[in-house]
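Asks: Below you'll find start30.cif; it's mmCIF, C-alpha atoms.
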```
data_upload
#
loop_
_atom_site.label_atom_id
_atom_site.label_comp_id
_atom_site.auth_asym_id
_atom_site.auth_seq_id
_atom_site.Cartn_x
_atom_site.Cartn_y
_atom_site.Cartn_z
CA MET A 1 -1.25 20.08 19.14
CA GLU A 2 -3.38 17.12 20.17
CA PRO A 3 -3.16 14.27 17.61
CA PRO A 4 -6.55 13.65 15.94
CA HIS A 5 -8.61 10.62 16.83
CA CYS A 6 -10.26 8.31 14.32
CA ARG A 7 -13.83 9.62 14.63
CA ARG A 8 -12.79 13.24 14.06
CA VAL A 9 -10.95 12.42 10.83
CA VAL A 10 -13.66 10.09 9.49
CA HIS A 11 -16.46 12.60 10.05
CA ARG A 12 -14.36 15.40 8.55
CA TYR A 13 -13.89 13.66 5.21
CA CYS A 14 -17.06 11.56 5.07
CA PRO A 15 -20.13 13.83 4.73
CA ASN A 16 -22.67 11.00 5.03
CA PRO A 17 -23.24 10.57 8.80
CA ARG A 18 -24.42 6.95 8.43
CA VAL A 19 -21.36 5.92 6.46
CA ALA A 20 -19.13 7.84 8.85
CA SER A 21 -20.71 6.08 11.83
CA LEU A 22 -20.28 2.71 10.10
CA MET A 23 -16.59 3.39 9.47
CA SER A 24 -16.11 4.51 13.07
CA PHE A 25 -17.87 1.38 14.30
CA MET A 26 -15.70 -0.91 12.19
CA MET A 27 -12.52 0.73 13.46
CA GLY A 28 -13.82 0.49 17.02
CA LEU A 29 -14.48 -3.21 16.62
CA ALA A 30 -11.06 -3.86 15.11
CA PHE A 31 -9.19 -1.91 17.81
CA VAL A 32 -11.49 -2.82 20.74
CA LEU A 33 -11.81 0.90 21.49
CA PRO A 34 -14.38 3.61 20.84
CA SER A 35 -13.45 5.53 17.69
CA TRP A 36 -12.82 8.75 19.63
CA GLU A 37 -10.03 6.99 21.54
CA ILE A 38 -8.24 5.49 18.51
CA SER A 39 -5.22 7.15 16.92
CA ALA A 40 -6.31 8.39 13.48
CA GLY A 41 -2.88 7.50 12.06
CA GLU A 42 -3.07 3.91 13.32
CA ALA A 43 -6.65 3.51 12.08
CA ILE A 44 -5.98 4.93 8.60
CA TYR A 45 -2.83 2.84 8.16
CA CYS A 46 -4.60 -0.39 9.10
CA ALA A 47 -7.68 0.43 7.00
CA GLN A 48 -5.55 1.21 3.94
CA ARG A 49 -3.60 -2.03 4.26
CA THR A 50 -6.82 -4.01 4.61
CA MET A 51 -8.51 -2.35 1.63
CA ARG A 52 -5.47 -2.62 -0.63
CA ASP A 53 -4.79 -6.26 0.21
CA ASN A 54 -8.50 -7.09 -0.24
CA THR A 55 -7.90 -10.46 1.36
CA LEU A 56 -7.85 -12.29 4.65
CA GLY A 57 -5.34 -14.82 5.89
CA TYR A 58 -4.93 -17.44 8.57
CA PRO A 59 -1.66 -19.16 9.58
CA LEU A 60 -1.57 -22.85 8.67
CA GLY A 61 -1.89 -24.84 11.85
CA GLY A 62 -3.76 -22.08 13.68
CA SER A 63 -2.55 -19.02 15.57
CA ARG A 64 -0.18 -21.10 17.69
CA ALA A 65 1.89 -21.69 14.54
CA VAL A 66 3.29 -18.15 14.87
CA PRO A 67 4.93 -18.42 18.33
CA THR A 68 5.81 -22.07 17.64
CA THR A 69 7.80 -21.00 14.57
CA TYR A 70 9.69 -18.36 16.56
CA CYS A 71 10.51 -20.92 19.23
CA ARG A 72 11.70 -23.47 16.69
CA LEU A 73 13.99 -20.90 15.06
CA ALA A 74 15.33 -19.85 18.45
CA GLN A 75 16.10 -23.47 19.31
CA ARG A 76 18.03 -23.86 16.07
CA MET A 77 20.20 -20.95 17.22
CA GLY A 78 20.88 -22.58 20.58
CA ALA A 79 18.08 -21.27 22.76
CA GLN A 80 16.31 -23.39 25.37
CA VAL A 81 12.51 -23.16 25.43
CA HIS A 82 10.60 -23.79 28.67
CA THR A 83 6.82 -24.20 28.31
CA ARG A 84 4.33 -23.86 31.17
CA ALA A 85 7.02 -21.92 32.99
CA HIS A 86 4.94 -19.12 34.53
CA VAL A 87 6.98 -16.09 35.52
CA ARG A 88 6.29 -14.69 38.97
CA ARG A 89 8.69 -11.78 38.85
CA ILE A 90 11.68 -10.27 37.09
CA ILE A 91 14.71 -10.21 39.39
CA ILE A 92 16.48 -6.83 39.44
CA GLU A 93 19.33 -6.25 41.88
CA HIS A 94 21.55 -3.16 42.18
CA GLY A 95 19.97 -1.64 39.09
CA GLN A 96 20.73 -4.65 36.89
CA VAL A 97 18.50 -7.49 35.73
CA GLN A 98 19.60 -10.87 37.08
CA GLY A 99 16.93 -13.15 35.60
CA VAL A 100 13.40 -14.33 36.39
CA GLU A 101 11.72 -16.23 39.20
CA LEU A 102 9.12 -18.80 38.17
CA ARG A 103 5.89 -19.57 39.97
CA ASP A 104 7.25 -22.93 41.12
CA GLY A 105 10.15 -21.16 42.85
CA ASN A 106 12.83 -22.00 40.30
CA ARG A 107 15.05 -19.26 38.93
CA ILE A 108 16.47 -18.65 35.45
CA ASP A 109 19.53 -16.40 35.46
CA ALA A 110 19.84 -14.05 32.50
CA ASP A 111 21.67 -10.94 31.34
CA LEU A 112 18.66 -9.79 29.34
CA VAL A 113 14.93 -10.19 29.97
CA ILE A 114 12.38 -9.35 27.26
CA SER A 115 8.85 -9.19 28.62
CA THR A 116 6.06 -9.95 26.15
CA SER A 117 3.49 -8.63 28.59
CA SER A 118 2.41 -5.00 28.62
CA VAL A 119 4.54 -2.18 29.99
CA ARG A 120 1.99 -1.66 32.76
CA THR A 121 1.95 -5.31 33.87
CA THR A 122 5.74 -5.60 33.60
CA ALA A 123 6.52 -2.47 35.59
CA LEU A 124 3.79 -2.72 38.23
CA HIS A 125 3.40 -6.47 38.75
CA LEU A 126 6.46 -8.34 37.47
CA CYS A 127 9.05 -5.98 38.95
CA ASP A 128 9.44 -5.41 42.69
CA PRO A 129 8.43 -1.96 43.97
CA GLY A 130 11.23 0.58 43.82
CA VAL A 131 13.56 -1.26 41.44
CA LEU A 132 12.62 0.82 38.40
CA PRO A 133 13.01 4.61 38.08
CA ASP A 134 10.06 6.47 39.61
CA GLU A 135 9.40 8.35 36.38
CA TYR A 136 9.17 5.10 34.43
CA THR A 137 6.81 3.50 36.96
CA ALA A 138 4.63 6.62 37.03
CA GLY A 139 4.42 6.61 33.24
CA ALA A 140 3.48 2.93 33.21
CA ARG A 141 0.73 3.53 35.79
CA LYS A 142 -0.88 6.18 33.54
CA ILE A 143 -1.12 3.87 30.54
CA THR A 144 -4.64 2.90 29.53
CA GLY A 145 -5.44 0.13 27.08
CA SER A 146 -8.49 -1.15 25.27
CA GLN A 147 -11.59 -2.93 26.41
CA ALA A 148 -11.53 -6.72 26.57
CA ALA A 149 -13.42 -9.50 24.79
CA VAL A 150 -15.15 -12.83 25.22
CA GLN A 151 -14.95 -15.57 22.61
CA VAL A 152 -16.86 -18.69 21.63
CA LYS A 153 -15.50 -21.39 19.33
CA ILE A 154 -18.39 -23.15 17.60
CA ALA A 155 -17.88 -26.52 15.90
CA LEU A 156 -20.48 -27.38 13.25
CA ASN A 157 -21.15 -30.70 11.52
CA ARG A 158 -22.10 -28.80 8.37
CA LYS A 159 -20.79 -25.72 6.56
CA LEU A 160 -23.23 -22.89 7.22
CA VAL A 161 -21.04 -19.85 6.48
CA ARG A 162 -19.67 -19.27 2.98
CA THR A 163 -17.18 -16.53 3.80
CA GLY A 164 -13.94 -16.23 5.76
CA LEU A 165 -15.17 -13.56 8.18
CA LEU A 166 -18.41 -12.34 9.72
CA MET A 167 -18.17 -8.79 11.04
CA GLY A 168 -20.95 -6.50 12.18
CA ALA A 169 -23.46 -5.97 14.96
CA VAL A 170 -26.84 -7.27 16.12
CA SER A 171 -29.48 -5.51 18.19
CA ASP A 172 -32.99 -6.40 19.36
CA SER A 173 -34.23 -2.84 19.78
CA THR A 174 -31.84 -0.40 18.08
CA ASP A 175 -32.23 0.39 14.37
CA LEU A 176 -28.61 -0.05 13.31
CA LEU A 177 -29.25 1.58 9.95
CA GLN A 178 -30.00 4.78 11.87
CA ALA A 179 -27.12 4.42 14.30
CA ASP A 180 -24.99 7.50 14.98
CA HIS A 181 -22.23 8.61 17.33
CA ASP A 182 -24.55 8.63 20.35
CA THR A 183 -25.52 5.02 19.64
CA GLY A 184 -21.92 3.88 19.79
CA ALA A 185 -21.16 6.04 22.79
CA GLU A 186 -24.00 4.46 24.75
CA MET A 187 -22.73 0.98 23.88
CA TYR A 188 -19.29 1.77 25.30
CA ARG A 189 -20.77 3.52 28.35
CA ARG A 190 -22.67 0.37 29.24
CA HIS A 191 -19.51 -1.70 28.92
CA ALA A 192 -17.63 0.76 31.13
CA SER A 193 -20.32 0.44 33.80
CA GLY A 194 -20.28 -3.38 33.74
CA ARG A 195 -23.54 -3.84 31.85
CA VAL A 196 -24.36 -5.69 28.63
CA PRO A 197 -25.36 -3.19 25.91
CA ASP A 198 -28.31 -3.59 23.57
CA ILE A 199 -25.92 -3.73 20.60
CA THR A 200 -23.64 -6.77 20.27
CA PRO A 201 -20.68 -6.17 17.96
CA ILE A 202 -19.30 -9.33 16.36
CA TYR A 203 -15.96 -10.28 14.86
CA CYS A 204 -16.06 -13.89 13.69
CA PRO A 205 -13.27 -15.43 11.58
CA VAL A 206 -14.02 -18.80 10.00
CA PRO A 207 -10.64 -20.59 10.28
CA THR A 208 -11.73 -23.63 8.28
CA SER A 209 -12.25 -21.39 5.25
CA PHE A 210 -8.48 -20.85 5.23
CA ASP A 211 -7.25 -24.14 6.67
CA PRO A 212 -9.72 -27.03 6.08
CA SER A 213 -7.48 -29.39 8.08
CA LEU A 214 -8.74 -27.74 11.28
CA ALA A 215 -11.99 -29.75 11.03
CA PRO A 216 -13.16 -33.05 9.51
CA PRO A 217 -14.39 -32.88 5.88
CA GLY A 218 -17.75 -31.13 5.58
CA HIS A 219 -17.46 -29.56 9.04
CA GLN A 220 -16.84 -25.96 10.01
CA LEU A 221 -15.27 -23.97 12.85
CA LEU A 222 -16.43 -20.47 13.83
CA THR A 223 -14.45 -18.32 16.28
CA ALA A 224 -16.71 -15.43 17.31
CA CYS A 225 -15.84 -12.69 19.78
CA THR A 226 -17.44 -9.53 21.11
CA VAL A 227 -16.40 -6.56 23.21
CA ALA A 228 -16.60 -6.91 27.00
CA PRO A 229 -15.40 -4.92 30.03
CA THR A 230 -11.89 -5.50 31.33
CA ASN A 231 -11.44 -7.65 34.41
CA ASP A 232 -11.00 -4.65 36.73
CA ILE A 233 -14.52 -3.30 36.03
CA GLU A 234 -17.19 -4.39 38.49
CA ARG A 235 -19.88 -6.38 36.68
CA GLN A 236 -23.56 -5.54 37.21
CA VAL A 237 -24.46 -8.90 35.67
CA PRO A 238 -22.68 -12.29 35.59
CA ASP A 239 -19.78 -12.75 33.13
CA ARG A 240 -21.84 -15.31 31.27
CA ALA A 241 -24.24 -12.56 30.15
CA TRP A 242 -21.72 -11.39 27.51
CA GLU A 243 -21.30 -14.95 26.25
CA GLU A 244 -25.06 -15.36 25.99
CA ALA A 245 -25.40 -12.06 24.13
CA LEU A 246 -22.74 -13.22 21.69
CA MET A 247 -24.43 -16.61 21.16
CA SER A 248 -27.81 -14.92 20.66
CA ALA A 249 -26.28 -12.67 18.00
CA MET A 250 -24.63 -15.63 16.27
CA ARG A 251 -27.96 -17.48 16.11
CA ARG A 252 -29.46 -14.51 14.27
CA LEU A 253 -26.52 -14.24 11.88
CA VAL A 254 -26.27 -17.97 11.14
CA PRO A 255 -29.71 -19.58 10.64
CA GLY A 256 -29.87 -23.19 11.77
CA LEU A 257 -26.83 -22.81 14.02
CA ASP A 258 -28.21 -24.81 16.95
CA ASP A 259 -29.26 -27.68 14.66
CA HIS A 260 -25.67 -28.33 13.59
CA VAL A 261 -23.62 -27.54 16.70
CA MET A 262 -21.23 -30.29 17.80
CA PHE A 263 -19.69 -28.37 20.69
CA ILE A 264 -19.15 -24.81 21.90
CA ASP A 265 -15.93 -23.78 23.63
CA ARG A 266 -16.61 -20.67 25.72
CA THR A 267 -14.13 -18.22 27.25
CA THR A 268 -14.48 -15.49 29.86
CA VAL A 269 -12.67 -12.17 30.16
CA PRO A 270 -10.43 -13.43 33.03
CA TRP A 271 -9.50 -16.48 30.94
CA MET A 272 -8.72 -14.34 27.88
CA GLU A 273 -6.52 -11.99 29.90
CA HIS A 274 -4.76 -14.98 31.48
CA TRP A 275 -4.30 -16.64 28.07
CA ILE A 276 -2.55 -13.66 26.51
CA GLY A 277 -0.47 -13.12 29.65
CA ARG A 278 -2.05 -9.81 30.67
CA ASN A 279 -3.95 -10.56 33.86
CA THR A 280 -4.06 -6.89 34.80
CA ASP A 281 -4.38 -5.37 31.33
CA PRO A 282 -6.69 -5.40 28.30
CA PRO A 283 -5.56 -6.97 25.02
CA SER A 284 -5.15 -3.92 22.78
CA PRO A 285 -1.86 -2.02 23.17
CA PRO A 286 -1.88 1.64 24.27
CA ALA A 287 -0.04 2.77 21.12
CA ARG A 288 -3.41 2.64 19.38
CA ARG A 289 -4.53 5.71 21.30
CA PRO A 290 -3.53 9.29 20.43
CA ASN A 291 -0.50 10.42 22.45
CA LYS A 292 -0.12 6.94 23.99
CA SER A 293 2.78 5.47 22.03
CA VAL A 294 4.98 3.77 24.60
CA ARG A 295 7.93 3.82 22.25
CA SER A 296 8.04 7.61 22.29
CA ALA A 297 6.84 8.13 25.84
CA LEU A 298 8.91 5.60 27.75
CA ALA A 299 12.43 4.31 27.32
CA SER A 300 13.17 0.72 28.24
CA PRO A 301 14.46 0.11 31.79
CA PRO A 302 17.79 -1.62 32.51
CA PRO A 303 18.57 -4.55 30.18
CA SER A 304 18.08 -8.16 31.13
CA ARG A 305 18.41 -12.93 28.42
CA ALA A 306 15.06 -14.60 28.91
CA CYS A 307 11.78 -13.90 27.14
CA THR A 308 8.95 -13.76 29.65
CA SER A 309 5.19 -13.62 29.72
CA PRO A 310 3.70 -13.82 33.22
CA ASP A 311 0.95 -16.35 32.57
CA ALA A 312 1.44 -17.44 28.99
CA ALA A 313 3.86 -20.01 27.64
CA PRO A 314 6.40 -20.13 26.16
CA VAL A 315 9.16 -18.67 28.28
CA ALA A 316 12.50 -18.90 26.50
CA GLY A 317 15.63 -18.98 28.62
CA GLU A 318 19.30 -18.50 27.96
#
```
Just give me the structure of the file as structure tokens.

Replies:
Amino acid sequence: MEPPHCRRVVHRYCPNPRVASLMSFMMGLAFVLPSWEISAGEAIYCAQRTMRDNTLGYPLGGSRAVPTTYCRLAQRMGAQVHTRAHVRRIIIEHGQVQGVELRDGNRIDADLVISTSSVRTTALHLCDPGVLPDEYTAGARKITGSQAAVQVKIALNRKLVRTGLLMGAVSDSTDLLQADHDTGAEMYRRHASGRVPDITPIYCPVPTSFDPSLAPPGHQLLTACTVAPTNDIERQVPDRAWEEALMSAMRRLVPGLDDHVMFIDRTTVPWMEHWIGRNTDPPSPPARRPNKSVRSALASPPPSRACTSPDAAPVAGE
């Protein structure tokens, strides 16, 4: 039996089509997938945790505090941490992992390699052709992930937002109060064809609401993002069009935004994919789709003792 997707379950138990569409939209924004491609189990679990906690959090020191803490703990246990050590490939010889080769040509020998990139990127781009079992490689090639995103970080010289998170959508021509399944489907179709849709979904944490030390007193930092096509989709318009759509939406959501901007740090889809170490894959893992859990579908290939991410530091060696 085919596992149910999020939209099917929401519409089954929510008789109001507008509310059901709103719930589907929110799940789609959180998972960077259309609701009919999201595992209902994953969506319900995440929604329940969010509703029950009724709170938002942000790691002190920013998101980098999470990997930095892991690295610090690893160092205490004797590990060596190499930053800016970009991994070119995982070395596998005679069916056994030998280590990793870095982009600068250096090699780190290891008995165990743990790749923090996706299964698809690891199997198809970090490993040489033919070194992994054919069945494993074929399974990795079939994996599909989420759509991608662009982000803008907006520094303000005044606090304009009184909450910790802005989440929703903006449109110039679509009545969002009357939005239904077809409305969302058209938005994702336009993304899939490399075009900017009329609807701009927004997910915008306000980090300074959780950690005021991230900005000078009286200032504010907004980190807004929106859905965009993955890097392998041919664009019908320049990449900057998604950034401009996001900024236009933010101006409507935050009156007076331009009057208090100190600087805007923009990112593109290629940069985002490079930053998270998935140059050939979208950010959201495939386990969020029905029947796409890698843990149940694919067993890990032969073992390897370095932690690697192809284009994202850190890389921890033996």

Asks: Of the candidates A:Gly95, A:Gly78, A:Gly164, A:Pro205, which one gets nearest to Leu132 (chain A) if we count all atoms listed in the file?

Replies: A:Gly95

Asks: If you measure from CA of Ser146 (chain A) to CA of Val32 (chain A), what distance in Å do you get, rounded to one decimal?

Replies: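 CA of Ser146 (chain A) sits 5.7 Å away from CA of Val32 (chain A).
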
Asks: Which distance in Å separates CA of Thr116 (chain A) and CA of Asp53 (chain A), to one decimal?

Replies: 28.4 Å

Asks: Do you have, as a Markdown table, the list of residues of region 118-214 of chain A lying at most 12 Å from region 233-254 of chain A, each with its nearest atom pair and that distance in Å to one decimal, counting only C-alpha atoms and ordered by chain then number?

Replies:
```
| residue | atom | partner | partner_atom | distance |
| --- | --- | --- | --- | --- |
| A:Gln147 | CA | A:Ile233 | CA | 10.1 |
| A:Ala148 | CA | A:Ile233 | CA | 10.5 |
| A:Ala149 | CA | A:Trp242 | CA | 8.9 |
| A:Val150 | CA | A:Glu243 | CA | 6.6 |
| A:Gln151 | CA | A:Glu243 | CA | 7.3 |
| A:Val152 | CA | A:Glu243 | CA | 7.4 |
| A:Lys153 | CA | A:Met247 | CA | 10.3 |
| A:Ile154 | CA | A:Met247 | CA | 9.6 |
| A:Leu156 | CA | A:Val254 | CA | 11.2 |
| A:Arg158 | CA | A:Val254 | CA | 11.9 |
| A:Lys159 | CA | A:Val254 | CA | 10.5 |
| A:Leu160 | CA | A:Val254 | CA | 7.0 |
| A:Val161 | CA | A:Val254 | CA | 7.3 |
| A:Arg162 | CA | A:Val254 | CA | 10.6 |
| A:Thr163 | CA | A:Val254 | CA | 11.8 |
| A:Leu165 | CA | A:Leu253 | CA | 12.0 |
| A:Leu166 | CA | A:Leu253 | CA | 8.6 |
| A:Met167 | CA | A:Leu253 | CA | 10.0 |
| A:Gly168 | CA | A:Leu253 | CA | 9.5 |
| A:Ala169 | CA | A:Ala249 | CA | 7.9 |
| A:Val170 | CA | A:Ala249 | CA | 5.7 |
| A:Ser171 | CA | A:Ala249 | CA | 7.8 |
| A:Asp172 | CA | A:Ala249 | CA | 9.3 |
| A:Arg190 | CA | A:Gln236 | CA | 10.0 |
| A:His191 | CA | A:Ile233 | CA | 8.8 |
| A:Ala192 | CA | A:Ile233 | CA | 7.1 |
| A:Ser193 | CA | A:Ile233 | CA | 7.3 |
| A:Gly194 | CA | A:Arg235 | CA | 4.2 |
| A:Arg195 | CA | A:Gln236 | CA | 5.6 |
| A:Val196 | CA | A:Trp242 | CA | 6.4 |
| A:Pro197 | CA | A:Ala245 | CA | 9.0 |
| A:Asp198 | CA | A:Ala245 | CA | 9.0 |
| A:Ile199 | CA | A:Ala245 | CA | 9.1 |
| A:Thr200 | CA | A:Leu246 | CA | 6.7 |
| A:Pro201 | CA | A:Leu246 | CA | 8.2 |
| A:Ile202 | CA | A:Leu246 | CA | 7.4 |
| A:Tyr203 | CA | A:Leu246 | CA | 10.1 |
| A:Cys204 | CA | A:Met250 | CA | 9.1 |
```

Asks: Suppose you want the space between CA of Ala47 (chain A) and CA of Pro17 (chain A); what is it in Å?

Replies: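 These atoms are spaced 18.7 Å apart.
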
Asks: Can you turn the PyMOL selection byres ((chain A and resi 125) around 10) into a concrete residue list for this file, as a list of chain:residue names?

Replies: A:Arg88, A:Arg89, A:Ile90, A:Val119, A:Arg120, A:Thr121, A:Thr122, A:Ala123, A:Leu124, A:Leu126, A:Cys127, A:Asp128, A:Pro129, A:Asn279, A:Thr280, A:Pro310

Asks: I'd like the neighbourhood of Asn231 (chain A) as a list in words, where a residue qualifies if any of its atoms comes within 7 Å (using all atoms listed in the file), though same-chain residues fewer than 2 positions away should be ignored.

Replies: Pro229, Ile233, Val269 and Pro270 of chain A

Asks: Quick one: residues within 12 Å of Pro59 (chain A), all atoms listed in the file, excluding same-chain residues fewer than 2 positions away - as a list in words?

Replies: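 Returned residues: Leu56, Gly57, Gly61, Gly62, Ser63, Arg64, Ala65, Val66, Pro67, Thr68, Thr69, Pro207, Thr208, Ser209, Phe210, Asp211, Pro212, Ser213 and Leu214 of chain A.
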
Asks: Given the choices A:Cys6, A:Ile114, A:Ala155, A:Ile108, which gets closest to Cys46 (chain A) if the distance is worked out from all atoms listed in the file?

Replies: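 Among A:Cys6, A:Ile114, A:Ala155, A:Ile108, it is A:Cys6 that comes nearest to Cys46 (chain A).
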
Asks: Excluding Arg8 (chain A) and its own-chain neighbours fewer than 3 positions away, which residues fall within 10 Å of it when counting only C-alpha atoms? Please give them as a PyMOL selection string.

Replies: chain A and resi 4-5+11-13+20+24+35-36+40

Asks: Using only C-alpha atoms, find the one residue out of A:Ala138, A:Arg103, A:Asp175, A:Ala228 that sits nearest to Tyr188 (chain A).

Replies: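 Comparing A:Ala138, A:Arg103, A:Asp175, A:Ala228 against Tyr188 (chain A), the winner is A:Ala228.
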